[in-house]
file input-v1.cif (mmCIF, C-alpha atoms)
data_upload
#
loop_
_atom_site.label_atom_id
_atom_site.label_comp_id
_atom_site.auth_asym_id
_atom_site.auth_seq_id
_atom_site.Cartn_x
_atom_site.Cartn_y
_atom_site.Cartn_z
CA MET S 4 54.50 64.44 -13.71
CA GLU S 5 53.83 61.03 -15.31
CA GLU S 6 56.48 58.33 -14.86
CA ASN S 7 58.87 60.93 -13.54
CA LEU S 8 62.50 60.06 -14.26
CA ILE S 9 65.41 61.45 -12.26
CA SER S 10 68.44 62.88 -14.01
CA ARG S 11 70.98 60.05 -13.89
CA LYS S 12 73.80 62.58 -13.88
CA LYS S 13 72.48 64.25 -10.75
CA PHE S 14 71.47 61.26 -8.67
CA LEU S 15 73.45 58.24 -9.87
CA GLY S 16 75.87 58.66 -7.02
CA LEU S 17 73.22 58.73 -4.32
CA GLY S 18 73.01 54.95 -4.06
CA ALA S 19 75.93 54.81 -1.66
CA ALA S 20 73.99 56.80 0.93
CA ALA S 21 72.00 53.87 2.26
CA THR S 22 72.45 50.84 0.04
CA GLY S 23 72.44 48.21 2.78
CA ALA S 24 72.36 44.47 2.26
CA ALA S 25 70.45 42.99 -0.68
CA LEU S 26 68.85 40.37 1.53
CA PHE S 27 65.07 40.43 2.05
CA SER S 28 64.45 40.02 5.75
CA GLY S 29 61.79 40.40 8.39
CA ILE S 30 58.47 41.72 7.15
CA GLY S 31 59.80 42.46 3.67
CA ALA S 32 60.38 38.86 2.62
CA ASN S 33 57.12 37.93 0.88
CA ALA S 34 57.21 40.48 -1.93
CA ALA S 35 60.66 39.45 -3.14
CA SER S 36 59.51 36.22 -4.77
CA LYS S 37 56.72 37.96 -6.68
CA VAL S 38 58.76 40.64 -8.40
CA LEU S 39 60.82 39.87 -11.46
CA PRO S 40 64.45 40.89 -11.67
CA PHE S 41 65.13 42.70 -14.93
CA THR S 42 67.38 40.49 -17.01
CA GLU S 43 67.29 40.17 -20.76
CA ASP S 44 66.03 36.60 -20.37
CA ASN S 45 62.82 37.32 -18.52
CA LYS S 46 61.64 40.83 -19.29
CA THR S 47 59.00 41.34 -21.92
CA SER S 48 60.36 43.87 -24.34
CA GLY S 49 59.91 44.97 -27.93
CA GLU S 50 56.88 43.54 -29.72
CA TYR S 51 54.88 40.49 -28.71
CA ILE S 52 51.39 39.02 -28.71
CA LEU S 53 49.53 38.47 -25.45
CA SER S 54 46.99 35.78 -26.33
CA ASN S 55 43.97 34.32 -24.54
CA VAL S 56 43.38 37.51 -22.59
CA ARG S 57 39.95 37.91 -21.01
CA LEU S 58 38.40 41.35 -21.58
CA GLU S 59 35.05 42.69 -20.47
CA ASP S 60 32.53 43.19 -23.30
CA GLY S 61 29.43 44.54 -21.56
CA PHE S 62 26.81 44.01 -18.88
CA GLU S 63 23.96 41.52 -18.71
CA TYR S 64 20.62 42.82 -17.41
CA ASN S 65 17.49 41.32 -15.85
CA GLU S 66 13.88 42.25 -16.52
CA LYS S 67 14.22 45.25 -14.19
CA ASN S 68 17.18 46.55 -16.21
CA GLU S 69 19.55 45.76 -13.32
CA VAL S 70 23.08 44.61 -14.01
CA VAL S 71 23.33 40.97 -13.00
CA ALA S 72 26.52 39.83 -14.74
CA THR S 73 29.44 40.95 -16.89
CA LYS S 74 30.08 39.51 -20.36
CA THR S 75 33.66 38.69 -21.33
CA SER S 76 35.51 37.14 -24.28
CA LEU S 77 39.06 36.08 -25.10
CA TYR S 78 41.29 38.33 -27.21
CA SER S 79 44.83 38.69 -28.48
CA LEU S 80 46.70 41.93 -27.86
CA HIS S 81 49.61 43.17 -29.93
CA ILE S 82 51.99 45.00 -27.56
CA ALA S 83 54.71 47.23 -29.02
CA ASN S 84 56.83 50.06 -27.62
CA GLY S 85 54.96 50.06 -24.31
CA LYS S 86 51.56 50.49 -25.99
CA ILE S 87 48.60 48.31 -26.90
CA LYS S 88 48.90 48.45 -30.68
CA ASN S 89 46.03 46.18 -31.67
CA ILE S 90 43.24 44.08 -30.14
CA THR S 91 41.77 41.15 -32.06
CA SER S 92 39.37 38.35 -31.23
CA GLY S 93 40.71 34.86 -31.65
CA LYS S 94 44.30 34.09 -32.57
CA ALA S 95 46.64 36.78 -33.87
CA THR S 96 48.18 36.21 -37.31
CA LEU S 97 51.37 38.19 -36.74
CA LYS S 98 54.54 36.10 -36.41
CA LEU S 99 55.75 37.51 -33.10
CA LYS S 100 56.70 36.07 -29.75
CA THR S 101 53.45 34.96 -28.10
CA ILE S 102 52.69 34.89 -24.37
CA ASP S 103 49.68 32.82 -23.32
CA ALA S 104 47.58 34.65 -20.71
CA LYS S 105 45.63 31.42 -20.10
CA GLY S 106 42.24 33.13 -19.92
CA LEU S 107 43.23 35.51 -17.14
CA LEU S 108 41.25 38.73 -16.81
CA MET S 109 43.02 41.96 -17.76
CA LEU S 110 42.39 45.00 -15.57
CA PRO S 111 43.96 48.47 -15.61
CA GLY S 112 47.22 48.76 -13.70
CA LEU S 113 46.92 50.06 -10.14
CA ARG S 114 48.42 53.25 -8.69
CA ASP S 115 49.32 53.93 -5.06
CA MET S 116 48.73 57.67 -4.84
CA HIS S 117 49.68 58.38 -1.22
CA ILE S 118 52.49 56.43 0.39
CA HIS S 119 55.39 57.15 2.75
CA ILE S 120 58.31 54.86 1.87
CA ASP S 121 61.09 57.20 2.98
CA LYS S 122 60.56 56.40 6.68
CA THR S 123 59.22 52.86 6.88
CA TYR S 124 59.95 49.86 9.09
CA TYR S 125 59.05 47.61 6.14
CA GLY S 126 61.97 45.36 5.25
CA GLY S 127 63.20 45.42 8.84
CA THR S 128 62.11 43.98 12.16
CA TRP S 129 58.50 44.08 13.32
CA ASN S 130 57.63 47.20 15.30
CA ALA S 131 54.17 48.20 16.49
CA ALA S 132 54.85 50.30 19.57
CA PRO S 133 51.67 51.73 21.17
CA ARG S 134 50.79 55.33 20.27
CA LYS S 135 47.52 55.80 22.18
CA GLY S 136 46.68 59.39 22.92
CA TYR S 137 49.42 60.82 20.70
CA THR S 138 48.59 64.03 18.86
CA VAL S 139 50.19 65.01 15.55
CA LYS S 140 52.57 67.26 17.50
CA ASP S 141 53.46 64.33 19.76
CA MET S 142 54.32 62.32 16.67
CA ILE S 143 56.49 65.15 15.37
CA THR S 144 58.45 65.05 18.63
CA LEU S 145 58.79 61.28 18.29
CA GLU S 146 59.98 61.61 14.69
CA GLN S 147 62.64 64.08 15.68
CA LYS S 148 64.13 61.30 17.83
CA ILE S 149 63.84 58.33 15.48
CA ILE S 150 64.50 59.83 12.03
CA PRO S 151 68.32 59.62 12.42
CA GLN S 152 67.92 55.86 13.00
CA LEU S 153 65.54 55.46 10.04
CA LEU S 154 67.86 57.32 7.67
CA THR S 155 70.66 54.78 8.05
CA ASP S 156 68.77 52.22 5.98
CA SER S 157 66.01 54.21 4.31
CA GLN S 158 67.07 53.65 0.69
CA ARG S 159 67.05 49.85 0.96
CA LYS S 160 63.72 49.82 2.75
CA ALA S 161 62.22 52.16 0.16
CA GLU S 162 63.35 49.78 -2.57
CA GLU S 163 61.75 46.83 -0.78
CA ALA S 164 58.53 48.81 -0.47
CA ILE S 165 58.63 49.43 -4.24
CA GLN S 166 58.92 45.67 -4.78
CA LEU S 167 55.88 45.14 -2.57
CA MET S 168 53.87 47.66 -4.58
CA LYS S 169 54.81 45.93 -7.83
CA SER S 170 53.81 42.52 -6.46
CA LYS S 171 50.36 43.91 -5.59
CA GLY S 172 49.81 45.33 -9.06
CA SER S 173 50.89 48.95 -8.65
CA TYR S 174 53.17 50.28 -11.38
CA PHE S 175 53.12 53.87 -10.10
CA ALA S 176 53.20 55.72 -6.78
CA ARG S 177 52.97 59.24 -5.46
CA CYS S 178 55.58 59.23 -2.72
CA GLN S 179 55.27 61.58 0.22
CA CYS S 180 58.78 62.50 1.38
CA ASN S 181 59.74 64.14 4.67
CA ILE S 182 61.35 67.56 4.36
CA ASP S 183 62.20 68.60 7.90
CA PRO S 184 65.08 70.11 9.91
CA VAL S 185 66.12 66.71 11.32
CA SER S 186 66.53 64.85 8.03
CA GLY S 187 67.22 67.93 5.96
CA LEU S 188 67.21 66.73 2.36
CA LYS S 189 68.60 63.26 3.18
CA SER S 190 65.21 61.51 3.09
CA LEU S 191 64.63 62.95 -0.36
CA GLU S 192 68.11 62.00 -1.59
CA HIS S 193 67.67 58.40 -0.41
CA LEU S 194 64.18 58.17 -1.93
CA LEU S 195 65.43 59.55 -5.25
CA ALA S 196 68.20 56.94 -5.31
CA ALA S 197 65.71 54.12 -4.59
CA LEU S 198 63.41 55.29 -7.37
CA GLU S 199 66.30 55.73 -9.79
CA ASN S 200 67.23 52.08 -9.23
CA ASN S 201 63.70 51.11 -10.33
CA LYS S 202 63.22 53.58 -13.17
CA ASP S 203 62.83 50.88 -15.84
CA SER S 204 60.04 49.13 -13.97
CA PHE S 205 58.17 51.78 -11.99
CA GLY S 206 56.75 55.28 -12.34
CA TRP S 207 56.37 57.93 -9.65
CA GLU S 208 55.65 61.43 -8.42
CA ILE S 209 57.13 62.98 -5.29
CA VAL S 210 55.55 65.33 -2.77
CA ALA S 211 57.94 67.47 -0.71
CA PHE S 212 56.09 67.02 2.58
CA PRO S 213 56.82 69.22 5.64
CA GLN S 214 55.87 66.55 8.19
CA HIS S 215 56.91 68.80 11.07
CA GLY S 216 54.94 71.80 9.81
CA ILE S 217 56.06 74.56 7.46
CA LEU S 218 55.87 77.23 10.16
CA TYR S 219 56.14 75.01 13.25
CA SER S 220 59.56 73.70 12.16
CA GLN S 221 60.55 76.67 9.99
CA SER S 222 60.88 74.41 6.96
CA GLU S 223 60.22 76.93 4.17
CA PRO S 224 63.91 77.21 3.11
CA LEU S 225 64.22 73.41 2.94
CA LEU S 226 61.02 73.12 0.90
CA ARG S 227 62.35 75.66 -1.56
CA GLU S 228 65.55 73.62 -1.92
CA ALA S 229 63.56 70.40 -2.35
CA ALA S 230 61.45 72.04 -5.06
CA LYS S 231 64.56 72.13 -7.24
CA MET S 232 65.43 68.45 -6.72
CA GLY S 233 62.94 66.62 -8.90
CA VAL S 234 59.76 66.81 -6.80
CA ASP S 235 56.35 67.31 -8.40
CA PHE S 236 54.22 68.67 -5.56
CA ILE S 237 54.63 70.90 -2.53
CA GLY S 238 52.89 69.63 0.57
CA GLY S 239 51.56 71.08 3.78
CA LEU S 240 50.30 69.89 7.15
CA ASP S 241 47.36 70.96 9.35
CA PRO S 242 47.82 74.73 9.04
CA THR S 243 45.88 75.58 12.21
CA SER S 244 46.50 72.78 14.71
CA VAL S 245 50.20 72.37 13.85
CA ASP S 246 51.34 75.62 12.21
CA GLY S 247 49.05 77.85 14.28
CA ASN S 248 48.32 80.29 11.45
CA MET S 249 46.07 78.90 8.73
CA GLU S 250 46.40 81.66 6.16
CA LYS S 251 50.15 82.16 6.54
CA SER S 252 50.80 78.40 6.37
CA LEU S 253 48.68 77.90 3.25
CA ASP S 254 49.98 81.08 1.61
CA THR S 255 53.54 79.83 2.09
CA MET S 256 52.73 76.41 0.62
CA PHE S 257 50.96 77.92 -2.39
CA GLN S 258 53.72 80.46 -3.01
CA ILE S 259 56.47 77.83 -3.05
CA ALA S 260 54.40 75.80 -5.52
CA LEU S 261 53.75 78.81 -7.75
CA ASP S 262 57.36 79.99 -7.67
CA ASN S 263 58.56 76.56 -8.78
CA LYS S 264 55.68 75.55 -11.09
CA LYS S 265 54.70 72.60 -8.89
CA GLY S 266 51.36 71.19 -7.82
CA ILE S 267 49.87 71.11 -4.30
CA ASP S 268 49.21 68.02 -2.15
CA ILE S 269 48.41 68.84 1.48
CA HIS S 270 47.89 66.48 4.43
CA LEU S 271 44.76 67.81 6.12
CA HIS S 272 43.64 65.90 9.20
CA GLU S 273 41.75 68.72 10.93
CA SER S 274 38.03 68.50 11.66
CA PRO S 275 35.63 71.43 11.34
CA PRO S 276 35.68 74.27 12.00
CA SER S 277 39.42 74.64 11.29
CA GLY S 278 39.47 71.87 8.67
CA LYS S 279 36.49 73.35 6.85
CA ALA S 280 38.07 76.82 6.93
CA ALA S 281 41.29 75.40 5.48
CA ILE S 282 39.44 73.70 2.62
CA GLU S 283 37.54 76.90 1.85
CA TYR S 284 40.84 78.85 1.79
CA ILE S 285 42.41 76.23 -0.50
CA ILE S 286 39.42 76.65 -2.82
CA LYS S 287 39.90 80.44 -2.76
CA LYS S 288 43.63 80.20 -3.52
CA THR S 289 43.08 77.68 -6.31
CA GLU S 290 40.42 79.89 -7.87
CA GLU S 291 42.87 82.82 -7.82
CA ASN S 292 45.67 80.79 -9.43
CA LYS S 293 44.50 79.06 -12.60
CA GLU S 294 47.84 77.29 -13.02
CA LEU S 295 47.00 75.22 -9.93
CA GLN S 296 43.55 74.19 -11.11
CA GLY S 297 43.74 70.48 -11.83
CA LYS S 298 47.01 70.30 -9.86
CA THR S 299 45.71 70.74 -6.29
CA TYR S 300 45.06 67.73 -4.05
CA ILE S 301 43.74 67.34 -0.53
CA SER S 302 45.04 64.18 1.12
CA HIS S 303 42.90 62.70 3.90
CA GLY S 304 40.60 65.73 4.19
CA PHE S 305 38.77 64.33 7.21
CA ALA S 306 36.80 67.56 7.58
CA LEU S 307 34.89 66.57 4.45
CA ALA S 308 33.44 63.61 6.35
CA ARG S 309 32.30 65.77 9.26
CA MET S 310 30.56 68.67 7.54
CA GLU S 311 26.86 69.38 7.39
CA PRO S 312 25.43 67.89 4.16
CA LYS S 313 24.50 71.33 2.76
CA ASP S 314 28.03 72.65 3.33
CA MET S 315 29.50 69.48 1.83
CA GLU S 316 27.41 69.84 -1.34
CA LYS S 317 28.58 73.43 -1.86
CA ILE S 318 32.25 72.62 -1.25
CA ALA S 319 32.16 69.51 -3.46
CA GLU S 320 30.68 71.55 -6.32
CA GLN S 321 33.43 74.18 -5.97
CA MET S 322 36.14 71.53 -5.83
CA GLY S 323 34.78 69.79 -8.91
CA ASN S 324 34.68 73.05 -10.86
CA LEU S 325 38.29 73.91 -9.96
CA GLY S 326 39.77 70.44 -10.42
CA ILE S 327 40.66 70.03 -6.75
CA SER S 328 41.02 66.30 -6.13
CA VAL S 329 40.87 64.14 -3.01
CA ILE S 330 43.25 61.35 -2.05
CA SER S 331 41.69 59.15 0.62
CA THR S 332 43.03 56.09 2.39
CA ILE S 333 39.37 55.00 2.84
CA PRO S 334 39.45 55.31 6.65
CA MET S 335 37.15 53.15 8.72
CA GLY S 336 35.21 53.98 11.88
CA ARG S 337 33.41 57.31 12.19
CA THR S 338 35.41 59.05 9.48
CA ILE S 339 33.67 57.74 6.37
CA MET S 340 34.47 60.03 3.46
CA PRO S 341 31.52 61.39 1.43
CA ILE S 342 32.69 59.69 -1.76
CA PRO S 343 29.23 59.55 -3.41
CA THR S 344 28.80 63.32 -2.93
CA LEU S 345 32.29 64.05 -4.25
CA LYS S 346 31.63 61.85 -7.29
CA LYS S 347 28.31 63.61 -7.89
CA TYR S 348 30.18 66.86 -8.53
CA GLY S 349 33.02 65.36 -10.54
CA VAL S 350 35.71 65.53 -7.87
CA LYS S 351 38.49 63.15 -8.86
CA LEU S 352 39.27 60.52 -6.25
CA MET S 353 42.39 58.46 -5.62
CA THR S 354 43.61 56.17 -2.89
CA GLY S 355 46.88 55.02 -1.40
CA THR S 356 48.51 52.94 1.31
CA ASP S 357 49.75 55.87 3.45
CA SER S 358 51.97 53.83 5.81
CA ILE S 359 52.94 50.19 5.33
CA VAL S 360 54.28 49.70 8.83
CA ASP S 361 55.91 52.55 10.72
CA HIS S 362 55.54 54.61 13.89
CA TRP S 363 52.07 55.74 12.72
CA GLN S 364 50.34 52.41 11.98
CA PRO S 365 51.14 48.80 10.98
CA PHE S 366 48.27 47.81 8.64
CA GLY S 367 49.41 48.80 5.13
CA THR S 368 49.40 46.08 2.45
CA CYS S 369 50.08 48.20 -0.68
CA ASP S 370 47.07 46.50 -2.29
CA MET S 371 44.95 49.07 -4.13
CA LEU S 372 42.47 46.36 -5.14
CA GLU S 373 41.91 45.86 -1.42
CA LYS S 374 41.20 49.61 -1.11
CA ALA S 375 38.56 49.27 -3.83
CA LYS S 376 37.00 46.38 -1.90
CA LEU S 377 36.97 48.41 1.31
CA CYS S 378 35.32 51.26 -0.56
CA ALA S 379 32.60 48.88 -1.81
CA GLN S 380 32.05 47.49 1.69
CA LEU S 381 31.76 50.93 3.30
CA TYR S 382 29.23 52.26 0.81
CA GLY S 383 27.21 49.09 0.32
CA TRP S 384 28.21 48.53 -3.31
CA THR S 385 27.54 44.80 -3.09
CA ASP S 386 25.95 44.12 -6.49
CA GLU S 387 27.70 43.48 -9.82
CA PHE S 388 27.46 47.07 -11.00
CA GLY S 389 28.56 48.67 -7.72
CA LEU S 390 31.53 46.33 -7.30
CA SER S 391 32.68 47.01 -10.84
CA ARG S 392 32.48 50.77 -10.22
CA ALA S 393 34.55 50.54 -7.02
CA LEU S 394 37.66 49.77 -9.06
CA HIS S 395 37.80 53.41 -10.21
CA ILE S 396 39.51 54.63 -7.05
CA ALA S 397 42.58 52.46 -7.68
CA THR S 398 43.33 53.21 -11.34
CA LYS S 399 44.78 56.06 -13.38
CA ASP S 400 42.22 58.79 -14.03
CA GLU S 401 39.56 56.51 -12.47
CA ILE S 402 39.53 54.40 -15.62
CA LEU S 403 37.27 51.33 -15.74
CA PRO S 404 37.01 48.55 -18.35
CA LEU S 405 33.32 49.35 -18.91
CA ASN S 406 31.56 52.70 -18.56
CA ASP S 407 28.25 53.00 -16.73
CA ALA S 408 26.36 52.11 -19.91
CA GLY S 409 28.37 48.89 -20.31
CA THR S 410 30.51 50.00 -23.25
CA ARG S 411 34.15 49.00 -23.17
CA THR S 412 36.35 52.06 -22.68
CA TRP S 413 39.52 50.16 -21.70
CA PRO S 414 41.65 48.72 -23.12
CA ILE S 415 41.58 50.35 -26.52
CA GLU S 416 44.25 50.62 -29.18
CA GLY S 417 46.85 53.22 -28.27
CA ASN S 418 46.52 52.77 -24.49
CA ASP S 419 49.68 52.43 -22.43
CA ALA S 420 50.37 48.76 -21.72
CA ASP S 421 50.02 49.16 -17.93
CA PHE S 422 47.79 46.37 -16.65
CA ILE S 423 47.38 43.40 -14.35
CA LEU S 424 46.24 39.85 -15.03
CA VAL S 425 44.11 38.05 -12.42
CA LYS S 426 42.19 34.82 -12.11
CA ALA S 427 38.66 36.28 -12.04
CA SER S 428 35.62 36.27 -14.32
CA CYS S 429 35.15 40.06 -14.20
CA SER S 430 36.23 43.20 -12.36
CA ALA S 431 33.37 42.85 -9.84
CA GLU S 432 34.69 39.46 -8.76
CA ALA S 433 38.25 40.79 -8.63
CA VAL S 434 37.20 43.60 -6.28
CA ALA S 435 35.18 41.30 -4.03
CA ARG S 436 37.62 38.38 -3.89
CA LEU S 437 41.09 40.01 -4.26
CA PRO S 438 42.76 37.40 -6.50
CA LYS S 439 46.52 37.08 -6.69
CA ARG S 440 48.20 39.29 -9.28
CA GLU S 441 49.34 36.64 -11.79
CA GLY S 442 50.98 39.24 -14.02
CA VAL S 443 51.82 42.92 -13.51
CA PHE S 444 52.84 44.95 -16.57
CA PHE S 445 54.37 48.42 -16.89
CA LYS S 446 54.93 49.88 -20.36
CA GLY S 447 54.47 46.38 -21.73
CA LYS S 448 57.12 44.85 -19.45
CA MET S 449 56.14 42.22 -16.92
CA ILE S 450 57.35 43.55 -13.56
CA GLY S 451 55.58 41.21 -11.15
CA GLY S 452 53.59 37.99 -10.86
CA GLU S 453 54.26 34.39 -11.77
CA LEU S 454 52.86 34.13 -15.30
CA LYS S 455 55.24 32.13 -17.48
CA ILE S 456 56.60 34.33 -20.23
#
call {"tool": "encode", "arguments": {"input": "input-v1.cif", "output": "structure tokens"}}
result
Amino acid sequence: MEENLISRKKFLGLGAAATGAALFSGIGANAASKVLPFTEDNKTSGEYILSNVRLEDGFEYNEKNEVVATKTSLYSLHIANGKIKNITSGKATLKLKTIDAKGLLMLPGLRDMHIHIDKTYYGGTWNAAPRKGYTVKDMITLEQKIIPQLLTDSQRKAEEAIQLMKSKGSYFARCQCNIDPVSGLKSLEHLLAALENNKDSFGWEIVAFPQHGILYSQSEPLLREAAKMGVDFIGGLDPTSVDGNMEKSLDTMFQIALDNKKGIDIHLHESPPSGKAAIEYIIKKTEENKELQGKTYISHGFALARMEPKDMEKIAEQMGNLGISVISTIPMGRTIMPIPTLKKYGVKLMTGTDSIVDHWQPFGTCDMLEKAKLCAQLYGWTDEFGLSRALHIATKDEILPLNDAGTRTWPIEGNDADFILVKASCSAEAVARLPKREGVFFKGKMIGGELKI
């Protein structure tokens, strides 16, 4: 659910579980200086005017009708109650507090839609131990050993990861949270406490994720408990290679979601034929249960990248019709996701960090603009139009400032005031060059950046 808030009554006392020191140390130090503490002196609240904001107005075309540039102009925005109330060219006439955006470009706020911050090394000492040759089951065995150590400080590290996301322009995250026999519900409790401490400056969803397999680790009872603790989605993991029984694993996941009126977000790493069979079964189950149409997500979905084109076309069409979405970390190497085919059939696409630095991999930056750039590089979207389109994977509902015809569709009056300000001439340049986030705004409040307010 959007900007999910935890019941203060239920979780206010969870902070003592893993509060830790307030010092930013090790690899978590850089984000601290770019995130604003919320004091009455520095938070943007109530009504104000954001002046000298650069907005995109349309495309410029050459004689071949190709997009060669993006037109922009300066505007003033009236922000009130977390919304964009009015947009005017030139100076605003209202006598309100005015913040000078200094000609910075406004882009939609970014969303990290697949991230594990409940079991991260971020905010601690550097750790990149080799994992060559490890299977998912090997990693489960490893996790069973190290999770007790991670839990001792998991709330503080989760909070530092949230600060990093804010500094990179993300005002929202879908957090994958371990539900397993080793951590029980402790990972979830610590994550909920970390999010509660940031509820005025960050929005979220939570996936109850059976990292050790629903069947493999007999985690169904724990998932059912977690479903009543403020989560939004029920997850699953490789139903054939880990759980050993594709239909039973997926049936269990779907039933828990249905019983608790939650969505589905499954980690699916399997290649064809088992990965393809799992996707086809997910399609079947979603078709049978209308309440899960538009609420079912396949994270990773590497089998999609390894199918025959004809099979991929059929599956993409079915997914588009049923509102089954894909969340991809834009993997490199041989596993290049068929994003153009998915887009062709209206499959919604999102991206996320996955891991910042943990026992899986050390490369996460929490920069969704960087994910858009990687997407453009992988698919050869090197011109003005293609670069501007790449931004869609990093924003809410794939929103872009200009539609394909060059008409401004964002921002418009009534939009939520969730946006970033960057030093760039247009969204295409922002995707290609990854400028610093000068200002990060959530519900009209500046939550990150160094813009003077």
call {"tool": "resolve_selection", "arguments": {"input": "input-v1.cif", "expression": "the PyMOL selection byres ((chain S and resi 252-261) around 10)", "output": "ChimeraX atom specification"}}
result
/S:213,216-219,223-224,226-227,230,235-243,245-251,262-269,281,284-285,288-289,292,294-295,299
call {"tool": "atom_distance", "arguments": {"input": "input-v1.cif", "atom1": "atom CA of Tyr174 of chain S", "atom2": "atom CA of Ala408 of chain S"}}
result
28.2 Å
call {"tool": "resolve_selection", "arguments": {"input": "input-v1.cif", "expression": "the PyMOL selection byres ((chain S and resi 324) around 12)", "output": "ChimeraX atom specification"}}
result
/S:286,289-290,293,296-297,317-323,325-328,345,347-351
call {"tool": "residues_near_point", "arguments": {"input": "input-v1.cif", "point": "(53.7, 40.8, -10.5)", "cutoff": "10 Å", "atoms": "only C-alpha atoms", "output": "MDAnalysis selection string"}}
result
chainID S and resid 34 36:39 166:174 423:424 439:445 449:454
call {"tool": "resolve_selection", "arguments": {"input": "input-v1.cif", "expression": "the PyMOL selection byres ((chain S and resi 124) around 8)", "output": "count of residues only"}}
result
13
call {"tool": "closest_residue", "arguments": {"input": "input-v1.cif", "among": "S:Leu405, S:Ala131, S:Cys369, S:Leu352", "to": "Gly61 of chain S", "atoms": "only C-alpha atoms"}}
result
S:Leu405
call {"tool": "closest_residue", "arguments": {"input": "input-v1.cif", "among": "S:Ile301, S:Ala280, S:Cys429, S:Leu381", "to": "Pro404 of chain S", "atoms": "all atoms listed in the file"}}
result
S:Cys429
call {"tool": "atom_distance", "arguments": {"input": "input-v1.cif", "atom1": "atom CA of Cys180 of chain S", "atom2": "atom CA of Glu162 of chain S"}}
result
14.1 Å
call {"tool": "atom_distance", "arguments": {"input": "input-v1.cif", "atom1": "atom CA of Ala72 of chain S", "atom2": "atom CA of Glu59 of chain S"}}
result
10.7 Å
call {"tool": "closest_residue", "arguments": {"input": "input-v1.cif", "among": "S:Met232, S:Pro341, S:Tyr51, S:Asp156", "to": "Thr96 of chain S", "atoms": "all atoms listed in the file"}}
result
S:Tyr51
call {"tool": "closest_residue", "arguments": {"input": "input-v1.cif", "among": "S:Thr101, S:Thr354, S:Ser220, S:Thr75", "to": "Glu401 of chain S", "atoms": "only C-alpha atoms"}}
result
S:Thr354
call {"tool": "closest_residue", "arguments": {"input": "input-v1.cif", "among": "S:Gln152, S:Ile342, S:Glu146, S:Ile118", "to": "Trp207 of chain S", "atoms": "all atoms listed in the file"}}
result
S:Ile118
call {"tool": "residues_around", "arguments": {"input": "input-v1.cif", "residues": "segment 183-191 of chain S", "least_positions_apart": "3", "cutoff": "8 Å", "atoms": "only C-alpha atoms", "output": "PDB file with C-alpha atoms, keeping the file's coordinate frame"}}
result
ATOM      1  CA  ASP S 121      61.090  57.200   2.980  1.00  0.00           C
ATOM      2  CA  LYS S 122      60.560  56.400   6.680  1.00  0.00           C
ATOM      3  CA  GLN S 147      62.640  64.080  15.680  1.00  0.00           C
ATOM      4  CA  ILE S 150      64.500  59.830  12.030  1.00  0.00           C
ATOM      5  CA  PRO S 151      68.320  59.620  12.420  1.00  0.00           C
ATOM      6  CA  LEU S 154      67.860  57.320   7.670  1.00  0.00           C
ATOM      7  CA  SER S 157      66.010  54.210   4.310  1.00  0.00           C
ATOM      8  CA  CYS S 180      58.780  62.500   1.380  1.00  0.00           C
ATOM      9  CA  LEU S 194      64.180  58.170  -1.930  1.00  0.00           C
ATOM     10  CA  LEU S 195      65.430  59.550  -5.250  1.00  0.00           C
ATOM     11  CA  PRO S 213      56.820  69.220   5.640  1.00  0.00           C
ATOM     12  CA  GLN S 214      55.870  66.550   8.190  1.00  0.00           C
ATOM     13  CA  HIS S 215      56.910  68.800  11.070  1.00  0.00           C
ATOM     14  CA  SER S 220      59.560  73.700  12.160  1.00  0.00           C
ATOM     15  CA  GLN S 221      60.550  76.670   9.990  1.00  0.00           C
ATOM     16  CA  SER S 222      60.880  74.410   6.960  1.00  0.00           C
ATOM     17  CA  LEU S 225      64.220  73.410   2.940  1.00  0.00           C
ATOM     18  CA  ALA S 229      63.560  70.400  -2.350  1.00  0.00           C
TER      19      ALA S 229
END
call {"tool": "residues_around", "arguments": {"input": "input-v1.cif", "residues": "His119 of chain S", "least_positions_apart": "2", "cutoff": "6 Å", "atoms": "all atoms listed in the file", "output": "tab-separated table (two decimals) with C-alpha atoms, in the coordinates of the input"}}
result
chain	number	residue	atom	x	y	z
S	121	ASP	CA	61.09	57.20	2.98
S	178	CYS	CA	55.58	59.23	-2.72
S	179	GLN	CA	55.27	61.58	0.22
S	357	ASP	CA	49.75	55.87	3.45
S	358	SER	CA	51.97	53.83	5.81
call {"tool": "residues_around", "arguments": {"input": "input-v1.cif", "residues": "Lys86 of chain S", "least_positions_apart": "2", "cutoff": "8 Å", "atoms": "all atoms listed in the file", "output": "list in words"}}
result
Ile82, Ala83, Asn84, Lys88, Glu416, Gly417, Asn418, Asp419, Ala420, Lys446 and Gly447 of chain S
call {"tool": "write_last_selection", "arguments": {"input": "input-v1.cif", "atoms": "C-alpha atoms", "output": "CSV table (one decimal), in the frame of the given file"}}
result
chain,number,residue,atom,x,y,z
S,82,ILE,CA,52.0,45.0,-27.6
S,83,ALA,CA,54.7,47.2,-29.0
S,84,ASN,CA,56.8,50.1,-27.6
S,88,LYS,CA,48.9,48.4,-30.7
S,416,GLU,CA,44.2,50.6,-29.2
S,417,GLY,CA,46.8,53.2,-28.3
S,418,ASN,CA,46.5,52.8,-24.5
S,419,ASP,CA,49.7,52.4,-22.4
S,420,ALA,CA,50.4,48.8,-21.7
S,446,LYS,CA,54.9,49.9,-20.4
S,447,GLY,CA,54.5,46.4,-21.7
